[in-house]
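To start, the structure itself, in structure tokens.
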Amino acid sequence: MDHQLWNKGKEAPITVFFDFLAARSKLFHVVVGLLCTVLLGGVDYLTGEGLSLAIIYLIPVAFTAWFGGRWAGVAISLASAAIWLAANYQPGLSHEPFFIKLWNGGTALGFFIVVSLLLAKLRQMLENERVMSHTDFLTGAVNSRAFAEIAASETRRMRRYEHPLTIAYFDLDNFKRVNDEFGHSVGNEILRVVVATILGAIRSTDVVARLGGDEFALLFPETGYAAVQVVIPKVKEQLQAAMEERGWPVTFSFGVLTCALPPRSPDEMIALADKLMLTAKQEKNTIRYSVYTG
């Protein structure tokens, strides 16, 4: 899921800068890396062969490999080796034979490629670890830890920009009975279908989280009371259709809280939505709305 887990307005400038770079396209990273390489080549040419800048070419190589991936890193590695060779071999001025320069250029190229591949692999591993640590392994929804971070971020953003924020807390009616009658494998499949159905019904900026068992939460940034009264019935209708299509006797109870003013804390917002859901649970298969005004 491509949701931000932080509030850029509260991050250190260096973090915001890195987030900006990470959001750019691979072409952007390749172009920046190539421009830096060409600039280094110009400086290298002016300083002559007496002062080698080969190691400094690692800067654009590392930048491109980290943000653009391995193939982008390899491309800039090739460009860096070629530009280094061109800058350091000046016929009539060079004191070393060309084959020596060619050997050094090949050595530098191999070193650049190894570094770019290692950095790209490291970035991929770190990204996979980050995603796994924030994702519910069964359904693919964000987990409770990630949801708490997102809720905190959106609360801060709401406080800054004064946009409404809505949270919906819901669980599955009769889920325990279905687990007992059909087995836990069917119960797990139900949970996966629930998340897949919701993801098809909400915006990419909205968040679906599994908080534990059969309890879920939805977060709708910049969504007010009138809008959510359209969205939630639509989500519930599609969920119910998915259950009926598969013959699963499951319904859904929703507690929906729209924050017109920033809550005192994300925990308070989640707790109030949970309380609304428990009220809806008493009747089952219903929705309870409320507006938080401080």
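Every chain in the structure tokens has a letter given in the order shown (A, B, ...), and although residue numbers restart at 1 in each chain, ligands are simply numbered from 1 in the order shown.
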### Task
For Ser77 in chain A, please output as a list in words all residues within 8 Å (counting only C-alpha atoms; exclusion window: fewer than 2 positions along the same chain).
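The contact residues come out as Val61, Gly73, Val74, Ala75, Ala79, Ser80, Ala81, Leu109, Phe112, Ile113 and Ser116 of chain A.
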### Query
Quick one: DSSP strand (DSSP E or B) residues in range 177-271 of chain A, as a list in words?
Val207, Val208, Ala209, Arg210, Leu211, Gly212, Glu215, Phe216, Ala217, Leu218, Leu219, Phe220, Pro221, Thr251, Phe252, Ser253, Phe254, Gly255, Val256, Leu257, Thr258 and Cys259 of chain A
### Query
With distances taken over only C-alpha atoms, which of A:Arg130, A:Ile76, A:Ile190, A:Trp84 is nearest to Glu244 in chain A?
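Closest to Glu244 in chain A, using only C-alpha atoms: A:Ile190.
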### Task
Name all residues at most 10 Å from range 38-45 of chain A (count only C-alpha atoms; drop same-chain ones fewer than 6 positions away) and give them as a VMD selection string.
chain A and resid 32 51 to 54 56 to 57 59 to 60 79 to 90
### Query
Mind checking DSSP for range 10-202 of chain A and telling me the helix (DSSP H, G or I) residues as a PyMOL selection string?
chain A and resi 10+13-22+26-47+54-68+70-88+98-133+144-161+175-182+184-199
Now that the selection is made, can you save its residues with C-alpha atoms as a CSV table (one decimal), in the first residue's frame?
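Contents of the output file selection-v8.csv:
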chain,number,residue,atom,x,y,z
A,10,LYS,CA,6.8,17.5,11.4
A,13,PRO,CA,14.3,18.7,6.6
A,14,ILE,CA,16.7,15.9,5.6
A,15,THR,CA,13.9,13.3,6.0
A,16,VAL,CA,11.5,15.5,3.9
A,17,PHE,CA,14.2,15.8,1.2
A,18,PHE,CA,14.8,12.0,1.1
A,19,ASP,CA,11.0,11.5,0.9
A,20,PHE,CA,10.9,13.9,-2.0
A,21,LEU,CA,13.7,12.0,-3.9
A,22,ALA,CA,12.1,8.6,-3.2
A,26,LYS,CA,13.5,6.4,-12.1
A,27,LEU,CA,14.1,8.7,-15.1
A,28,PHE,CA,14.5,11.6,-12.8
A,29,HIS,CA,17.1,9.8,-10.8
A,30,VAL,CA,19.0,8.7,-13.9
A,31,VAL,CA,19.0,12.2,-15.3
A,32,VAL,CA,20.2,13.7,-12.0
A,33,GLY,CA,22.9,11.0,-11.7
A,34,LEU,CA,24.0,11.6,-15.3
A,35,LEU,CA,24.2,15.4,-14.8
A,36,CYS,CA,26.3,14.9,-11.7
A,37,THR,CA,28.6,12.5,-13.5
A,38,VAL,CA,29.1,14.9,-16.5
A,39,LEU,CA,29.8,17.8,-14.0
A,40,LEU,CA,32.4,15.6,-12.3
A,41,GLY,CA,33.9,14.7,-15.6
A,42,GLY,CA,34.3,18.4,-16.4
A,43,VAL,CA,36.1,19.0,-13.1
A,44,ASP,CA,38.2,15.9,-13.6
A,45,TYR,CA,39.2,17.1,-17.1
A,46,LEU,CA,40.3,20.5,-15.8
A,47,THR,CA,42.3,19.0,-12.9
A,54,ALA,CA,37.5,8.3,-9.6
A,55,ILE,CA,36.3,7.7,-6.1
A,56,ILE,CA,34.0,10.7,-6.2
A,57,TYR,CA,32.1,9.2,-9.1
A,58,LEU,CA,30.7,6.9,-6.5
A,59,ILE,CA,28.4,9.7,-5.4
A,60,PRO,CA,26.2,9.8,-8.5
A,61,VAL,CA,26.5,6.0,-8.8
A,62,ALA,CA,25.3,5.4,-5.2
A,63,PHE,CA,22.6,8.1,-5.5
A,64,THR,CA,21.1,6.5,-8.7
A,65,ALA,CA,21.4,2.9,-7.4
A,66,TRP,CA,19.7,3.8,-4.1
A,67,PHE,CA,16.8,5.7,-5.5
A,68,GLY,CA,16.5,4.4,-9.1
A,70,ARG,CA,20.0,-1.6,-9.9
A,71,TRP,CA,19.7,-1.1,-13.7
A,72,ALA,CA,19.7,2.7,-13.2
A,73,GLY,CA,22.8,2.3,-11.0
A,74,VAL,CA,24.5,0.1,-13.7
A,75,ALA,CA,23.7,2.6,-16.4
A,76,ILE,CA,25.3,5.4,-14.4
A,77,SER,CA,28.2,3.1,-13.5
A,78,LEU,CA,28.9,2.7,-17.3
A,79,ALA,CA,28.5,6.4,-17.9
A,80,SER,CA,30.9,7.2,-14.9
A,81,ALA,CA,33.6,4.9,-16.1
A,82,ALA,CA,33.4,6.2,-19.7
A,83,ILE,CA,33.4,9.9,-18.6
A,84,TRP,CA,36.3,9.2,-16.2
A,85,LEU,CA,38.2,7.6,-19.0
A,86,ALA,CA,37.5,10.4,-21.4
A,87,ALA,CA,38.5,13.0,-18.8
A,88,ASN,CA,41.7,11.4,-17.9
A,98,PHE,CA,46.1,4.2,-23.3
A,99,PHE,CA,45.8,0.5,-22.3
A,100,ILE,CA,46.8,1.5,-18.7
A,101,LYS,CA,44.0,4.0,-18.7
A,102,LEU,CA,41.6,1.5,-20.2
A,103,TRP,CA,42.5,-1.1,-17.5
A,104,ASN,CA,41.9,1.5,-14.8
A,105,GLY,CA,38.6,2.5,-16.4
A,106,GLY,CA,37.5,-1.2,-16.5
A,107,THR,CA,38.6,-1.6,-12.8
A,108,ALA,CA,36.6,1.5,-11.8
A,109,LEU,CA,33.6,0.2,-13.8
A,110,GLY,CA,33.6,-3.1,-12.0
A,111,PHE,CA,33.9,-1.4,-8.7
A,112,PHE,CA,31.0,1.0,-9.6
A,113,ILE,CA,28.8,-1.9,-10.7
A,114,VAL,CA,29.4,-3.9,-7.5
A,115,VAL,CA,28.6,-0.9,-5.3
A,116,SER,CA,25.5,-0.1,-7.3
A,117,LEU,CA,24.2,-3.7,-7.1
A,118,LEU,CA,24.9,-3.9,-3.4
A,119,LEU,CA,23.1,-0.6,-2.6
A,120,ALA,CA,20.1,-1.5,-4.8
A,121,LYS,CA,19.8,-4.8,-3.1
A,122,LEU,CA,20.1,-3.3,0.4
A,123,ARG,CA,17.4,-0.7,-0.5
A,124,GLN,CA,15.1,-3.5,-1.7
A,125,MET,CA,15.7,-5.5,1.5
A,126,LEU,CA,15.0,-2.5,3.7
A,127,GLU,CA,11.8,-1.6,1.8
A,128,ASN,CA,10.6,-5.2,2.0
A,129,GLU,CA,11.3,-5.2,5.8
A,130,ARG,CA,9.4,-1.9,6.2
A,131,VAL,CA,6.4,-3.2,4.3
A,132,MET,CA,6.3,-6.5,6.2
A,133,SER,CA,6.6,-4.7,9.6
A,144,SER,CA,-2.4,-2.0,14.1
A,145,ARG,CA,1.0,-0.6,14.6
A,146,ALA,CA,1.0,1.1,11.1
A,147,PHE,CA,-2.6,2.3,11.6
A,148,ALA,CA,-1.6,4.0,14.8
A,149,GLU,CA,1.2,5.8,13.0
A,150,ILE,CA,-1.1,6.8,10.2
A,151,ALA,CA,-3.8,8.0,12.5
A,152,ALA,CA,-1.2,10.1,14.4
A,153,SER,CA,0.1,11.5,11.2
A,154,GLU,CA,-3.4,12.4,9.8
A,155,THR,CA,-4.4,13.9,13.2
A,156,ARG,CA,-1.3,16.2,13.0
A,157,ARG,CA,-2.1,17.1,9.4
A,158,MET,CA,-5.7,17.8,10.3
A,159,ARG,CA,-4.6,20.1,13.1
A,160,ARG,CA,-2.4,22.0,10.6
A,161,TYR,CA,-4.7,22.3,7.6
A,175,PHE,CA,-17.7,-14.6,12.5
A,176,LYS,CA,-17.1,-16.9,15.4
A,177,ARG,CA,-20.0,-19.1,14.4
A,178,VAL,CA,-18.7,-19.2,10.8
A,179,ASN,CA,-15.3,-20.2,12.1
A,180,ASP,CA,-16.8,-23.0,14.2
A,181,GLU,CA,-19.1,-24.3,11.4
A,182,PHE,CA,-16.9,-23.9,8.4
A,184,HIS,CA,-10.6,-21.5,10.3
A,185,SER,CA,-9.4,-21.8,6.7
A,186,VAL,CA,-12.8,-20.4,5.6
A,187,GLY,CA,-12.6,-17.7,8.3
A,188,ASN,CA,-9.2,-16.6,7.0
A,189,GLU,CA,-10.6,-16.5,3.4
A,190,ILE,CA,-13.4,-14.3,4.6
A,191,LEU,CA,-10.9,-11.8,6.2
A,192,ARG,CA,-9.0,-11.7,2.9
A,193,VAL,CA,-12.1,-11.2,0.9
A,194,VAL,CA,-13.2,-8.3,3.2
A,195,VAL,CA,-9.9,-6.5,2.7
A,196,ALA,CA,-9.9,-7.1,-1.1
A,197,THR,CA,-13.5,-5.8,-1.4
A,198,ILE,CA,-12.8,-2.7,0.6
A,199,LEU,CA,-9.6,-1.9,-1.4
### Message
Can you tell me which residues surround Tyr169 in chain A at a distance of at most 9 Å, considering only C-alpha atoms, apart from same-chain residues fewer than 5 positions away, and format the answer as a PyMOL selection string?
### Response
chain A and resi 215-219+253-257+270+273-277
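When only C-alpha atoms are used to measure the gap to Leu261 in chain A, the shortest distance among A:Ser25, A:Asn174, A:Thr279, A:Thr293 belongs to A:Thr293.
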### Task
Identify which of the residues A:Phe252, A:Arg288, A:Gln282, A:Met269 lies closest to Gln240 in chain A, counting only C-alpha atoms when measuring atom-to-atom distances.
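Under the stated criterion, the closest residue is A:Phe252.
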